[in-house]
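Asker: One structure coming up, written as C-alpha cells, with questions to follow.
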Amino acid sequence: MASITKRTNGQWQVKIRRKGWPARSGTFRTKKLAEDWAHRIESEMASGRFVDRSAAERTTLKDLIEIYLREVTDKRPGEASRVAERSRLERFLREERELAAYTAANLTPEHFEAYRDKRLGQTNRSGKPLAPGTVKREMTLLKRVIDYRKRRLGLLVNPVNTEDVARPAVNDERAVRLSEEEIARLLEAASEARNPWLRPFVELGFETGGRRGSLLDLSWEEVDLKGRAVTFRGVKNSRNPDKVIDHTVPLSPRAIAILKELPRSVDGRVFPMSPNAFRQAFNRARKRAGLEHFRFHDTRHERVSSLFEAGWSDTTVMAVSGHKDPKSLKRYANLRPDHLADELAKLERGKGDAS
C-alpha cells in the first residue's frame, strides 16, 4: 500500500512498500499528482510490469554523455574515431546545455525532433547549411549514448529511436568513376609531385581499395609478398565500432610490383608520410590533373566497381573490400554505363544464337 503524507513545506510525499518489489518514494507539489503517481506504480507492480526508473530519474543526459566519453569513446582503437566522436559530444554539451540537463526519464522523442530541426537550420564554419548527413550522424551518436546505459536506467524505449525520430534524408552516395585516360592523368600528376611516395600510394589505392588511413599505417611487417597479401590493422568496422578488425587483402600483380619497387624506410612504414603531407600533395596533384572533384576514397569505389564488372560475386568482393554488410558494399558499386551496355549486347547476341 502507498502512504501519502503532507510535509511541512506543503509538498506531498508518497512511500510505496510492496512485497517482492523495491521500496519507492516520491515528492509532489499536489496531492492529486502524488495519488496519480502512486496509482500508476502500484498498478505496474500488481501486473508485473513495474520497472525501477529511479536511476533514470536522477541521471541527466549530460551524465550519460560523460560516461560514454569515458567508457566508450576514449577506448576506441582508432585515433580519428576518438577525436571525431569526442568533438561531436563536447560540442553538444557546450551548445545544448538545456537539453543535456534533462534526466533520462524525462527525455522524449519531441526533444530530439526539435534538436534535429534546429541543427538542420544552422550553418557550419564556412557559412554553409549543415549537411543532413552531419545531423544524422549526431542523432545516431546520441542514440548510442542512451543505448549504452538504457538497461541499467530501466528505460524501455530509447527516445532517439529511428522509429520515433525520423532521420534527415541523406544522399551521400558517390558515383565518381574515372576513365582510363583520367586515371593515367592523375597518376602522371602524382609522379610530378615533390613527395616521392604519392604516385605509389595512389596507385596502390586503386589496386587494393585500401582506405587512406590503412595505407598510411601499413608497415612492412604486414606485407607478405610471397603470400601475395597485405594485412590492414584496426580497420573501420561499422557493425561494431568498438572492436578492432584486421583485414587481409590479396595483392594483384601490379600491386606486388609497386611494393617491390619501394625503398624501405627507417621507421618500418611502407609510406613514411603524415596525413597532412599526403593531403597537400594529393590536392595539388588532382588539381594539376584537372580532377579536383576526385577524392582519394574514390579509389576504393573504383576497386569495388571494377571487381563487380569483372563478374565477381558479392561474397568474393566483400572478402577483398572488407565490407561486413552487403548494403554498404552496394554503395560502392558504380557500374559504368558502357559496361552495362556491353552486357546487354551479349544478351542480345545470346538470343540471336539461340534462334
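Just so we're on the same page: first chain in the C-alpha cells is A, next is B, and so on; residues restart at 1 for each chain, and ligands are numbered from 1 in the order they show up.
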Might you pull out every residue within 8 Å of Arg228 (chain A), with only C-alpha atoms counted and same-chain residues fewer than 5 positions away left off, and present them as a list in words?

Answerer: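 Answer for this query is Pro250, Leu251, Ser252 and Ile256 of chain A.
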
Asker: With distances taken over only C-alpha atoms, which of A:Glu163, A:Glu182, A:Asp63, A:Asp52 is nearest to Thr103 (chain A)?

Answerer: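 Of the candidates, the smallest distance to Thr103 (chain A) is held by A:Asp63.
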
Asker: Need the shell around Ala190 (chain A): protein/DNA/RNA residues with any atom at most 7 Å away, counting only C-alpha atoms. Skip same-chain ones fewer than 5 positions apart. Format as a PyMOL selection string?

Answerer: chain A and resi 198-199+285

Asker: Using N, CA, C and O atoms, can you export the residues from the last selection as a compact mmCIF listing (two decimals), in the first residue's frame?

Answerer:
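Saved to part_23.txt:
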# COMPACT_ATOMS: atom_id res chain seq x y z
N LEU A 198 53.87 9.71 -53.31
CA LEU A 198 52.48 9.96 -53.73
C LEU A 198 52.03 9.02 -54.84
O LEU A 198 50.95 8.41 -54.75
N ARG A 199 52.82 8.89 -55.91
CA ARG A 199 52.41 8.04 -57.03
C ARG A 199 52.16 6.60 -56.59
O ARG A 199 51.07 6.04 -56.86
N ALA A 285 48.15 17.43 -56.82
CA ALA A 285 48.21 16.52 -57.97
C ALA A 285 46.86 16.47 -58.70
O ALA A 285 46.82 16.53 -59.94

Asker: Run DSSP on the backbone and give me the residues of region 96-259 of chain A it puts in strand (DSSP E or B), as a list in words.

Answerer: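 Here is the list: Thr103, Thr123, Pro129, Ser219, Val223, Asp224, Ala229, Val230, Thr231, Phe232, Arg233, Gly234, Val235, Ile245, Asp246, His247, Thr248, Val249 and Pro250 of chain A.
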
Asker: Identify which of the residues A:Glu113, A:Asp147, A:Glu90, A:Glu181 lies closest to Gly290 (chain A), counting only C-alpha atoms when measuring atom-to-atom distances.

Answerer: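 When distances to Gly290 (chain A) are compared using only C-alpha atoms, the smallest one comes from A:Glu181.
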
Asker: Residues of region 64-291 of chain A classed as helix (DSSP H, G or I) by DSSP on the backbone are to be reported as a ChimeraX atom specification.

Answerer: /A:64-71,73-75,79-95,97-100,104-106,109-120,132-153,180-191,198-208,212-217,220-222,253-261,275-288

Asker: Between region 151-249 of chain A and region 133-138 of chain A, at 6 Å or less, what are the per-residue closest atom pairs and their distances in Å? Count only C-alpha atoms, order by chain and rising residue number, and return it as JSON lines.

Answerer:
{"residue": "A:Arg167", "atom": "CA", "partner": "A:Lys136", "partner_atom": "CA", "distance": 5.7}
{"residue": "A:Pro168", "atom": "CA", "partner": "A:Lys136", "partner_atom": "CA", "distance": 6.0}
{"residue": "A:Val170", "atom": "CA", "partner": "A:Gly133", "partner_atom": "CA", "distance": 5.6}

Asker: Hey, which of A:His111, A:Arg70, A:Arg286, A:Lys19 ends up closest to Ser191 (chain A)? Count only C-alpha atoms.

Answerer: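 Nearest candidate to Ser191 (chain A) out of A:His111, A:Arg70, A:Arg286, A:Lys19: A:Arg286.
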
Asker: Name the closest residue to Ile65 (chain A) among the candidates A:Val145, A:Ala104, A:Gly48, A:Ala38; distances are taken between atoms, counting only C-alpha atoms.

Answerer: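 Result for the nearest residue to Ile65 (chain A): A:Val145.
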
Asker: Using only C-alpha atoms, which residues sit within 8 Å of Thr73 (chain A) once same-chain residues fewer than 6 positions away are excluded, as a list in words?

Answerer: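 Those residues are Arg82, Glu85 and Arg86 of chain A.
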
Asker: Could you save the residues just selected, with all heavy atoms, as a short mmCIF file (atom, residue, chain, number, x, y, z; two decimals), in the first residue's frame?

Answerer:
data_model
loop_
_atom_site.label_atom_id
_atom_site.label_comp_id
_atom_site.auth_asym_id
_atom_site.auth_seq_id
_atom_site.Cartn_x
_atom_site.Cartn_y
_atom_site.Cartn_z
N ARG A 82 38.14 8.42 -32.25
CA ARG A 82 38.08 9.00 -30.90
C ARG A 82 37.94 10.52 -30.98
O ARG A 82 37.10 11.12 -30.29
CB ARG A 82 39.34 8.65 -30.10
CG ARG A 82 39.44 7.20 -29.69
CD ARG A 82 40.47 7.03 -28.58
NE ARG A 82 41.80 7.51 -28.99
CZ ARG A 82 42.71 6.77 -29.59
NH1 ARG A 82 42.43 5.51 -29.91
NH2 ARG A 82 43.89 7.26 -29.91
N GLU A 85 34.43 11.63 -32.50
CA GLU A 85 33.31 11.38 -31.59
C GLU A 85 33.36 12.32 -30.39
O GLU A 85 32.34 12.86 -29.97
CB GLU A 85 33.34 9.93 -31.14
CG GLU A 85 32.07 9.50 -30.44
CD GLU A 85 31.99 7.98 -30.33
OE1 GLU A 85 32.51 7.45 -29.33
OE2 GLU A 85 31.42 7.34 -31.23
N ARG A 86 34.53 12.51 -29.82
CA ARG A 86 34.67 13.43 -28.69
C ARG A 86 34.29 14.85 -29.09
O ARG A 86 33.62 15.56 -28.33
CB ARG A 86 36.10 13.37 -28.14
CG ARG A 86 36.37 14.38 -27.03
CD ARG A 86 37.66 14.11 -26.31
NE ARG A 86 37.52 13.00 -25.37
CZ ARG A 86 36.99 13.11 -24.17
NH1 ARG A 86 36.53 14.27 -23.74
NH2 ARG A 86 36.90 12.06 -23.37
#

Asker: Write out as a ChimeraX atom specification each polymer residue whose atoms come within 10 Å of Arg303 (chain A), counting only C-alpha atoms; drop sequence neighbours fewer than 2 positions from it.

Answerer: /A:205-210,298-301,305-309,317,320-321,332-333
